[in-house]
$ cat structure03.txt   # compact mmCIF, C-alpha atoms
# COMPACT_ATOMS: atom_id res chain seq x y z
CA MET C 1 0.00 0.00 0.00
CA ILE C 2 2.78 2.40 0.97
CA SER C 3 4.77 1.61 -2.18
CA THR C 4 1.64 2.19 -4.29
CA MET C 5 1.07 5.60 -2.70
CA SER C 6 4.73 6.49 -3.19
CA GLY C 7 4.48 5.48 -6.85
CA LEU C 8 1.38 7.63 -7.36
CA ARG C 9 3.11 10.65 -5.81
CA SER C 10 6.19 10.15 -7.99
CA ASN C 11 3.96 9.87 -11.05
CA GLU C 12 2.15 13.07 -10.10
CA LYS C 13 5.45 14.92 -9.64
CA LEU C 14 6.67 13.69 -13.02
CA LYS C 15 3.48 14.93 -14.71
CA ARG C 16 3.87 18.35 -13.09
CA ALA C 17 7.53 18.53 -14.12
CA LEU C 18 6.58 17.70 -17.71
CA ALA C 19 3.85 20.36 -17.61
CA VAL C 20 6.40 22.96 -16.46
CA LEU C 21 8.80 21.85 -19.21
CA PHE C 22 6.01 22.17 -21.79
CA ALA C 23 5.19 25.69 -20.56
CA LEU C 24 8.86 26.69 -20.83
CA CYS C 25 9.02 25.30 -24.38
CA VAL C 26 5.92 27.30 -25.37
CA TRP C 27 7.45 30.41 -23.78
CA GLN C 28 10.76 29.88 -25.62
CA ALA C 29 8.99 29.26 -28.95
CA ALA C 30 6.87 32.42 -28.52
CA ALA C 31 9.97 34.50 -27.72
CA MET C 32 11.80 33.13 -30.78
CA LEU C 33 8.82 33.75 -33.10
CA LEU C 34 8.37 37.29 -31.80
CA GLY C 35 12.10 37.97 -32.00
CA GLU C 36 11.89 41.08 -29.83
CA PRO C 37 13.42 40.74 -26.31
CA LEU C 38 12.00 44.12 -25.33
CA LEU C 39 8.48 42.70 -25.63
CA LEU C 40 9.08 39.10 -24.53
CA ALA C 41 12.34 37.86 -23.02
CA SER C 42 13.11 34.17 -23.50
CA PRO C 43 13.46 31.69 -20.59
CA VAL C 44 17.20 31.47 -21.34
CA GLN C 45 17.62 35.24 -21.04
CA VAL C 46 15.55 35.34 -17.84
CA ALA C 47 17.55 32.45 -16.33
CA GLY C 48 20.82 34.22 -17.13
CA ARG C 49 19.61 37.45 -15.56
CA LEU C 50 18.30 35.56 -12.53
CA VAL C 51 21.72 33.95 -11.95
CA SER C 52 23.46 37.34 -12.14
CA LEU C 53 20.97 38.81 -9.65
CA ILE C 54 21.40 35.94 -7.19
CA LEU C 55 25.15 36.59 -7.07
CA THR C 56 24.64 40.12 -5.68
CA ALA C 57 24.25 41.01 -2.00
CA SER C 58 21.43 43.50 -2.74
CA PHE C 59 19.31 40.67 -4.16
CA TRP C 60 19.30 38.77 -0.86
CA LYS C 61 18.64 41.96 1.12
CA THR C 62 15.68 42.76 -1.14
CA VAL C 63 14.27 39.24 -0.89
CA GLY C 64 14.80 39.18 2.87
CA TYR C 65 13.11 42.52 3.57
CA THR C 66 10.10 41.78 1.35
CA ALA C 67 9.70 38.27 2.78
CA LEU C 68 9.88 39.64 6.33
CA ARG C 69 7.15 42.21 5.64
CA ILE C 70 4.80 39.87 3.81
CA VAL C 71 5.24 36.93 6.19
CA SER C 72 4.64 39.28 9.15
CA GLY C 73 1.42 40.54 7.56
CA PHE C 74 0.28 37.00 6.80
CA LEU C 75 0.94 35.73 10.33
CA MET C 76 -0.88 38.67 11.88
CA GLY C 77 -3.87 38.12 9.59
CA PHE C 78 -3.77 34.37 10.28
CA LEU C 79 -3.76 34.75 14.07
CA ALA C 80 -6.32 37.58 14.12
CA GLY C 81 -8.62 35.61 11.81
CA ILE C 82 -8.55 32.49 13.97
CA VAL C 83 -8.92 34.30 17.31
CA LEU C 84 -11.79 36.51 16.15
CA ALA C 85 -13.51 33.58 14.40
CA VAL C 86 -13.40 31.52 17.60
CA LEU C 87 -14.82 34.46 19.59
CA ALA C 88 -17.46 35.16 16.92
CA GLY C 89 -18.44 31.48 16.96
CA ARG C 90 -18.90 31.72 20.71
CA PHE C 91 -20.61 35.13 20.82
CA LYS C 92 -23.19 35.84 18.07
CA TRP C 93 -23.21 39.56 18.81
CA LEU C 94 -19.51 39.77 17.94
CA GLU C 95 -20.07 38.04 14.60
CA ILE C 96 -22.76 40.60 13.75
CA LEU C 97 -20.54 43.44 14.94
CA LEU C 98 -17.62 42.29 12.76
CA TRP C 99 -19.73 41.55 9.68
CA PRO C 100 -19.60 45.03 8.02
CA PHE C 101 -15.83 45.31 8.58
CA VAL C 102 -15.12 41.86 7.13
CA VAL C 103 -17.35 42.44 4.09
CA THR C 104 -15.75 45.84 3.46
CA ILE C 105 -12.19 44.50 3.70
CA LYS C 106 -13.06 41.58 1.43
CA SER C 107 -14.68 43.80 -1.22
CA ILE C 108 -12.38 46.84 -1.51
CA PRO C 109 -9.69 46.50 -4.24
CA VAL C 110 -6.04 46.32 -3.19
CA ALA C 111 -5.20 49.56 -5.05
CA SER C 112 -7.81 51.51 -3.06
CA PHE C 113 -6.44 50.15 0.23
CA VAL C 114 -2.88 51.02 -0.79
CA ILE C 115 -3.78 54.64 -1.54
CA LEU C 116 -5.69 54.98 1.73
CA VAL C 117 -3.02 53.31 3.86
CA LEU C 118 -0.26 55.47 2.34
CA ILE C 119 -2.01 58.44 3.96
CA TRP C 120 -1.69 56.83 7.39
CA LEU C 121 1.52 54.75 7.22
CA SER C 122 4.97 55.01 5.69
CA SER C 123 5.71 52.93 2.60
CA ARG C 124 7.98 50.65 4.68
CA HIS C 125 5.00 49.24 6.60
CA LEU C 126 2.58 49.28 3.68
CA SER C 127 3.02 45.68 2.50
CA VAL C 128 2.67 44.38 6.08
CA PHE C 129 -0.69 46.06 6.53
CA ILE C 130 -1.98 45.19 3.05
CA SER C 131 -1.01 41.52 3.44
CA PHE C 132 -2.77 41.49 6.80
CA LEU C 133 -5.95 42.97 5.30
CA MET C 134 -6.02 40.46 2.43
CA VAL C 135 -5.39 37.44 4.67
CA PHE C 136 -7.65 38.27 7.61
CA PRO C 137 -11.13 37.90 5.99
CA VAL C 138 -10.18 34.63 4.24
CA ILE C 139 -8.97 33.00 7.47
CA TYR C 140 -11.77 34.48 9.58
CA LEU C 141 -14.65 33.43 7.29
CA ASN C 142 -13.34 29.91 6.65
CA THR C 143 -12.60 29.25 10.33
CA LEU C 144 -16.03 30.56 11.33
CA GLN C 145 -17.65 28.37 8.68
CA GLY C 146 -15.79 25.35 10.02
CA LEU C 147 -16.93 26.07 13.56
CA LYS C 148 -20.54 26.47 12.43
CA ALA C 149 -20.39 23.15 10.59
CA THR C 150 -19.51 21.29 13.79
CA ASP C 151 -21.94 18.47 14.54
CA SER C 152 -24.42 19.77 17.11
CA LYS C 153 -25.13 16.24 18.38
CA MET C 154 -21.48 15.73 19.24
CA LEU C 155 -21.45 19.04 21.09
CA GLU C 156 -24.57 18.04 23.03
CA MET C 157 -22.98 14.72 23.92
CA ALA C 158 -19.80 16.46 25.06
CA LYS C 159 -21.88 18.81 27.21
CA MET C 160 -23.89 15.92 28.63
CA TYR C 161 -20.76 14.04 29.68
CA ARG C 162 -19.11 17.28 30.86
CA LEU C 163 -16.15 16.82 28.56
CA PRO C 164 -13.40 19.35 29.39
CA PHE C 165 -12.79 22.13 26.86
CA ALA C 166 -9.34 20.74 26.00
CA ARG C 167 -10.87 17.41 24.96
CA ARG C 168 -13.68 19.11 23.04
CA LEU C 169 -11.07 21.16 21.21
CA LYS C 170 -9.00 18.06 20.43
CA TYR C 171 -11.71 15.63 19.39
CA ILE C 172 -14.47 17.87 18.00
CA TYR C 173 -13.39 21.36 16.96
CA VAL C 174 -9.89 20.74 15.56
CA PRO C 175 -10.87 17.86 13.18
CA GLN C 176 -13.84 19.92 11.98
CA VAL C 177 -11.94 23.17 11.37
CA GLN C 178 -8.80 21.56 9.92
CA PRO C 179 -9.95 21.16 6.25
CA PHE C 180 -11.49 24.65 6.24
CA LEU C 181 -8.27 26.17 7.57
CA TYR C 182 -6.10 24.29 5.08
CA SER C 183 -8.23 25.59 2.21
CA ALA C 184 -8.17 29.12 3.61
CA CYS C 185 -4.39 29.13 4.05
CA SER C 186 -3.80 27.82 0.54
CA ILE C 187 -5.73 30.83 -0.82
CA ALA C 188 -4.47 33.39 1.71
CA LEU C 189 -0.79 32.54 1.23
CA GLY C 190 -0.95 33.38 -2.47
CA LEU C 191 -3.01 36.51 -1.78
CA SER C 192 -0.51 37.79 0.78
CA TRP C 193 2.35 37.70 -1.76
CA LYS C 194 0.30 39.16 -4.62
CA SER C 195 -1.11 42.00 -2.55
CA GLY C 196 2.13 42.62 -0.65
CA VAL C 197 4.24 42.99 -3.79
CA ALA C 198 1.51 45.10 -5.44
CA ALA C 199 1.61 47.40 -2.41
CA GLU C 200 5.40 47.66 -2.70
CA LEU C 201 5.10 48.41 -6.41
CA ILE C 202 2.94 51.45 -5.58
CA GLY C 203 4.61 52.54 -2.33
CA ARG C 204 8.15 51.70 -3.53
CA PRO C 205 9.95 51.24 -0.19
CA ASP C 206 13.72 50.75 -0.39
CA LEU C 207 15.00 47.19 -0.82
CA SER C 208 11.70 45.70 -1.94
CA LEU C 209 10.67 43.39 -4.76
CA GLY C 210 7.98 45.86 -5.79
CA ASP C 211 10.55 48.62 -6.21
CA MET C 212 12.78 46.30 -8.27
CA LEU C 213 9.84 45.52 -10.57
CA TYR C 214 9.09 49.23 -10.93
CA MET C 215 12.70 50.07 -11.80
CA ALA C 216 12.82 47.23 -14.35
CA LYS C 217 9.69 48.66 -15.97
CA VAL C 218 11.12 52.20 -16.02
CA HIS C 219 14.30 50.98 -17.71
CA MET C 220 12.27 48.79 -20.13
CA ASP C 221 14.25 45.75 -18.98
CA THR C 222 11.87 42.88 -19.74
CA ALA C 223 14.34 40.20 -18.63
CA ASP C 224 14.52 41.84 -15.19
CA VAL C 225 10.71 42.03 -14.95
CA PHE C 226 10.45 38.30 -15.68
CA ALA C 227 13.37 37.45 -13.39
CA TRP C 228 11.89 39.27 -10.39
CA THR C 229 8.48 37.76 -11.16
CA VAL C 230 10.00 34.27 -11.09
CA VAL C 231 11.57 35.10 -7.72
CA ILE C 232 8.18 36.15 -6.33
CA ILE C 233 6.53 32.95 -7.60
CA LEU C 234 9.25 30.76 -6.10
CA LEU C 235 9.12 32.56 -2.75
CA SER C 236 5.32 32.29 -2.64
CA GLN C 237 5.40 28.55 -3.41
CA LEU C 238 8.22 27.90 -0.93
CA PHE C 239 6.48 29.74 1.89
CA GLU C 240 3.16 28.03 1.12
CA LYS C 241 4.66 24.54 1.24
CA LEU C 242 6.65 25.31 4.40
CA PHE C 243 3.70 26.86 6.25
CA LEU C 244 1.24 24.11 5.29
CA MET C 245 3.77 21.48 6.36
CA LEU C 246 4.25 23.17 9.74
CA MET C 247 0.49 23.54 10.16
CA LYS C 248 -0.02 19.84 9.41
CA LYS C 249 2.58 18.94 12.03
CA GLY C 250 0.84 21.26 14.49
CA PHE C 251 -2.54 19.61 13.89
CA ASP C 252 -0.98 16.16 14.17
CA GLY C 253 0.59 17.17 17.49
CA VAL C 254 -2.75 18.39 18.85
CA MET C 255 -4.55 15.23 17.72
CA LYS C 256 -2.08 12.87 19.44
$ encode --input "structure03.txt" --output "structure tokens"
Amino acid sequence: MISTMSGLRSNEKLKRALAVLFALCVWQAAAMLLGEPLLLASPVQVAGRLVSLILTASFWKTVGYTALRIVSGFLMGFLAGIVLAVLAGRFKWLEILLWPFVVTIKSIPVASFVILVLIWLSSRHLSVFISFLMVFPVIYLNTLQGLKATDSKMLEMAKMYRLPFARRLKYIYVPQVQPFLYSACSIALGLSWKSGVAAELIGRPDLSLGDMLYMAKVHMDTADVFAWTVVIILLSQLFEKLFLMLMKKGFDGVMK
């Protein structure tokens, strides 16, 4: 059984690798047919530029500062979403009180938030706040939905047998909320990077990926635009896999 599962996973990874290779071939063919690097840089050109960027100290400072801001915003949104969802699930009046704020945050475009927040905060803290705002409603709504979907009969049984809160949390709430939270984090992690870099692109704080993208656009350096975009994609995927892995270990630890 284990060997079968391992084989299926290897097969899935191979298919994804082939899909990536196919996409790169299409990209390379399009660049060659167009024949204009200013409009579309080839994967080879982008890879070469990416290698040259990686060898500079400023690249790692830029990546580090942006990652720190966006990860901080995500974690704050993640924690605030869970805490307020748990409280809103317990107190109906709080859910009603938070409803207009959550709907507003979820509906307003990122660009509008960026312009408003720039009035209140410096550009250095902009991506932190924007990432927080994009992550919070996703985590809050999904966690609240998971809590509401909890089997009422199990809760009545737990109350009847006077099951301590720690046991109710372990055997009832955590298994119920887990799939909702996984789904929410998968969406929120991507949103935090998209919105955070978009905020940096407008606010242009020093040593930020957004500022690097803006400068590449100003200098009409298409290879740089693609190279920095690849960096953002890789960072987003890396952080997503790492966070989901840590969250899975956390849930497994609670369930033991």
$ atom_distance --input "structure03.txt" --atom1 "atom CA of C:Ala88" --atom2 "atom CA of C:Phe243"
25.1 Å
$ residues_around --input "structure03.txt" --residues "C:Thr143" --least-positions-apart "4" --cutoff "9 Å" --atoms "only C-alpha atoms" --output "VMD selection string"
chain C and resid 81 to 82 85 to 86 138 to 139 147 to 148 177 to 178 180 to 181 184
$ axis_aligned_box --input "structure03.txt" --around "stretch 240-250 of chain C" --padding-each-side "4 Å" --output "AutoDock Vina command-line options"
--center_x 3.3 --center_y 23.5 --center_z 7.8 --size_x 14.7 --size_y 17.1 --size_z 21.4
$ closest_residue --input "structure03.txt" --among "C:Val230, C:Cys185, C:Val83, C:Leu207" --to "C:Ser123" --atoms "all atoms listed in the file"
C:Leu207
$ closest_residue --input "structure03.txt" --among "C:Val128, C:Cys25, C:Leu50, C:Leu40" --to "C:Ile232" --atoms "all atoms listed in the file"
C:Leu50
$ atom_distance --input "structure03.txt" --atom1 "atom CA of C:Leu84" --atom2 "atom CA of C:Val114"
24.0 Å
$ atom_distance --input "structure03.txt" --atom1 "atom CA of C:His125" --atom2 "atom CA of C:Leu75"
14.6 Å
$ closest_residue --input "structure03.txt" --among "C:Phe226, C:Tyr182, C:Tyr214, C:Met245" --to "C:Pro43" --atoms "only C-alpha atoms"
C:Phe226
$ closest_residue --input "structure03.txt" --among "C:Ser208, C:Ser195, C:Ser131, C:Gln145" --to "C:Phe74" --atoms "only C-alpha atoms"
C:Ser131
$ closest_residue --input "structure03.txt" --among "C:Gln176, C:Thr66, C:Ser127, C:Asn142" --to "C:Phe113" --atoms "all atoms listed in the file"
C:Ser127
$ closest_residue --input "structure03.txt" --among "C:Ala17, C:Leu235, C:Met76, C:Ala29" --to "C:Gly190" --atoms "only C-alpha atoms"
C:Leu235
$ closest_atom_pairs --input "structure03.txt" --of "stretch 120-226 of chain C" --to "stretch 97-112 of chain C" --cutoff "10 Å" --atoms "only C-alpha atoms" --output "tab-separated table"
residue	atom	partner	partner_atom	distance
C:Ile130	CA	C:Val110	CA	7.5
C:Ser131	CA	C:Val110	CA	9.6
C:Leu133	CA	C:Ile105	CA	6.6
C:Met134	CA	C:Lys106	CA	7.2
C:Val135	CA	C:Lys106	CA	9.3
C:Phe136	CA	C:Val102	CA	8.3
C:Pro137	CA	C:Val102	CA	5.7
C:Val138	CA	C:Lys106	CA	8.0
C:Tyr140	CA	C:Val102	CA	8.5
C:Leu141	CA	C:Val102	CA	8.4
C:Lys194	CA	C:Val110	CA	9.7
C:Ser195	CA	C:Val110	CA	6.6
C:Gly196	CA	C:Val110	CA	9.3
C:Ala198	CA	C:Val110	CA	8.0
C:Ala199	CA	C:Ala111	CA	7.6
C:Ile202	CA	C:Ala111	CA	8.4
$ decode --input "structure03.txt" --residues "stretch 181-212 of chain C" --atoms "N, CA and C atoms" --output "mmCIF file, in the first residue's frame"
data_model
loop_
_atom_site.group_PDB
_atom_site.id
_atom_site.type_symbol
_atom_site.label_atom_id
_atom_site.label_comp_id
_atom_site.auth_asym_id
_atom_site.auth_seq_id
_atom_site.Cartn_x
_atom_site.Cartn_y
_atom_site.Cartn_z
ATOM 1 N N LEU C 181 -9.446 25.324 7.364
ATOM 2 C CA LEU C 181 -8.268 26.166 7.572
ATOM 3 C C LEU C 181 -7.194 25.885 6.528
ATOM 4 N N TYR C 182 -7.050 24.632 6.139
ATOM 5 C CA TYR C 182 -6.102 24.288 5.077
ATOM 6 C C TYR C 182 -6.466 25.012 3.785
ATOM 7 N N SER C 183 -7.744 24.942 3.433
ATOM 8 C CA SER C 183 -8.226 25.588 2.213
ATOM 9 C C SER C 183 -8.022 27.099 2.272
ATOM 10 N N ALA C 184 -8.323 27.677 3.432
ATOM 11 C CA ALA C 184 -8.173 29.121 3.605
ATOM 12 C C ALA C 184 -6.715 29.547 3.476
ATOM 13 N N CYS C 185 -5.815 28.784 4.087
ATOM 14 C CA CYS C 185 -4.392 29.134 4.052
ATOM 15 C C CYS C 185 -3.819 29.013 2.644
ATOM 16 N N SER C 186 -4.267 28.004 1.912
ATOM 17 C CA SER C 186 -3.804 27.823 0.538
ATOM 18 C C SER C 186 -4.140 29.046 -0.309
ATOM 19 N N ILE C 187 -5.315 29.628 -0.083
ATOM 20 C CA ILE C 187 -5.730 30.832 -0.818
ATOM 21 C C ILE C 187 -5.020 32.068 -0.261
ATOM 22 N N ALA C 188 -5.006 32.192 1.069
ATOM 23 C CA ALA C 188 -4.471 33.392 1.713
ATOM 24 C C ALA C 188 -2.968 33.560 1.497
ATOM 25 N N LEU C 189 -2.233 32.456 1.428
ATOM 26 C CA LEU C 189 -0.794 32.544 1.229
ATOM 27 C C LEU C 189 -0.463 33.189 -0.110
ATOM 28 N N GLY C 190 -1.164 32.770 -1.162
ATOM 29 C CA GLY C 190 -0.953 33.383 -2.469
ATOM 30 C C GLY C 190 -1.386 34.842 -2.487
ATOM 31 N N LEU C 191 -2.513 35.134 -1.840
ATOM 32 C CA LEU C 191 -3.013 36.512 -1.779
ATOM 33 C C LEU C 191 -2.035 37.443 -1.067
ATOM 34 N N SER C 192 -1.423 36.946 0.005
ATOM 35 C CA SER C 192 -0.506 37.791 0.778
ATOM 36 C C SER C 192 0.671 38.241 -0.075
ATOM 37 N N TRP C 193 1.216 37.337 -0.906
ATOM 38 C CA TRP C 193 2.354 37.701 -1.764
ATOM 39 C C TRP C 193 1.918 38.612 -2.904
ATOM 40 N N LYS C 194 0.777 38.315 -3.522
ATOM 41 C CA LYS C 194 0.295 39.159 -4.624
ATOM 42 C C LYS C 194 0.030 40.577 -4.143
ATOM 43 N N SER C 195 -0.729 40.678 -3.062
ATOM 44 C CA SER C 195 -1.109 42.000 -2.554
ATOM 45 C C SER C 195 0.084 42.733 -1.954
ATOM 46 N N GLY C 196 0.963 41.988 -1.275
ATOM 47 C CA GLY C 196 2.133 42.615 -0.655
ATOM 48 C C GLY C 196 3.070 43.218 -1.681
ATOM 49 N N VAL C 197 3.361 42.478 -2.740
ATOM 50 C CA VAL C 197 4.244 42.992 -3.792
ATOM 51 C C VAL C 197 3.563 44.128 -4.557
ATOM 52 N N ALA C 198 2.254 44.012 -4.770
ATOM 53 C CA ALA C 198 1.512 45.097 -5.440
ATOM 54 C C ALA C 198 1.586 46.382 -4.614
ATOM 55 N N ALA C 199 1.495 46.241 -3.295
ATOM 56 C CA ALA C 199 1.613 47.404 -2.414
ATOM 57 C C ALA C 199 3.009 48.009 -2.507
ATOM 58 N N GLU C 200 4.031 47.159 -2.564
ATOM 59 C CA GLU C 200 5.403 47.657 -2.701
ATOM 60 C C GLU C 200 5.616 48.333 -4.047
ATOM 61 N N LEU C 201 4.974 47.832 -5.073
ATOM 62 C CA LEU C 201 5.096 48.415 -6.409
ATOM 63 C C LEU C 201 4.572 49.843 -6.434
ATOM 64 N N ILE C 202 3.522 50.106 -5.637
ATOM 65 C CA ILE C 202 2.941 51.455 -5.579
ATOM 66 C C ILE C 202 3.686 52.322 -4.569
ATOM 67 N N GLY C 203 3.945 51.768 -3.380
ATOM 68 C CA GLY C 203 4.615 52.541 -2.327
ATOM 69 C C GLY C 203 6.111 52.694 -2.540
ATOM 70 N N ARG C 204 6.725 51.719 -3.202
ATOM 71 C CA ARG C 204 8.146 51.696 -3.533
ATOM 72 C C ARG C 204 9.076 51.943 -2.334
ATOM 73 N N PRO C 205 8.966 51.130 -1.274
ATOM 74 C CA PRO C 205 9.946 51.238 -0.188
ATOM 75 C C PRO C 205 11.305 50.726 -0.661
ATOM 76 N N ASP C 206 12.371 51.204 -0.020
ATOM 77 C CA ASP C 206 13.721 50.753 -0.387
ATOM 78 C C ASP C 206 13.868 49.263 -0.133
ATOM 79 N N LEU C 207 14.700 48.626 -0.937
ATOM 80 C CA LEU C 207 14.998 47.195 -0.820
ATOM 81 C C LEU C 207 13.706 46.357 -0.776
ATOM 82 N N SER C 208 12.934 46.475 -1.835
ATOM 83 C CA SER C 208 11.695 45.701 -1.936
ATOM 84 C C SER C 208 11.559 45.137 -3.340
ATOM 85 N N LEU C 209 10.895 44.004 -3.455
ATOM 86 C CA LEU C 209 10.674 43.386 -4.759
ATOM 87 C C LEU C 209 9.797 44.276 -5.643
ATOM 88 N N GLY C 210 8.842 44.960 -5.029
ATOM 89 C CA GLY C 210 7.985 45.865 -5.787
ATOM 90 C C GLY C 210 8.773 46.989 -6.419
ATOM 91 N N ASP C 211 9.723 47.548 -5.679
ATOM 92 C CA ASP C 211 10.555 48.625 -6.207
ATOM 93 C C ASP C 211 11.443 48.112 -7.341
ATOM 94 N N MET C 212 11.952 46.885 -7.207
ATOM 95 C CA MET C 212 12.775 46.296 -8.269
ATOM 96 C C MET C 212 11.966 46.106 -9.551
#
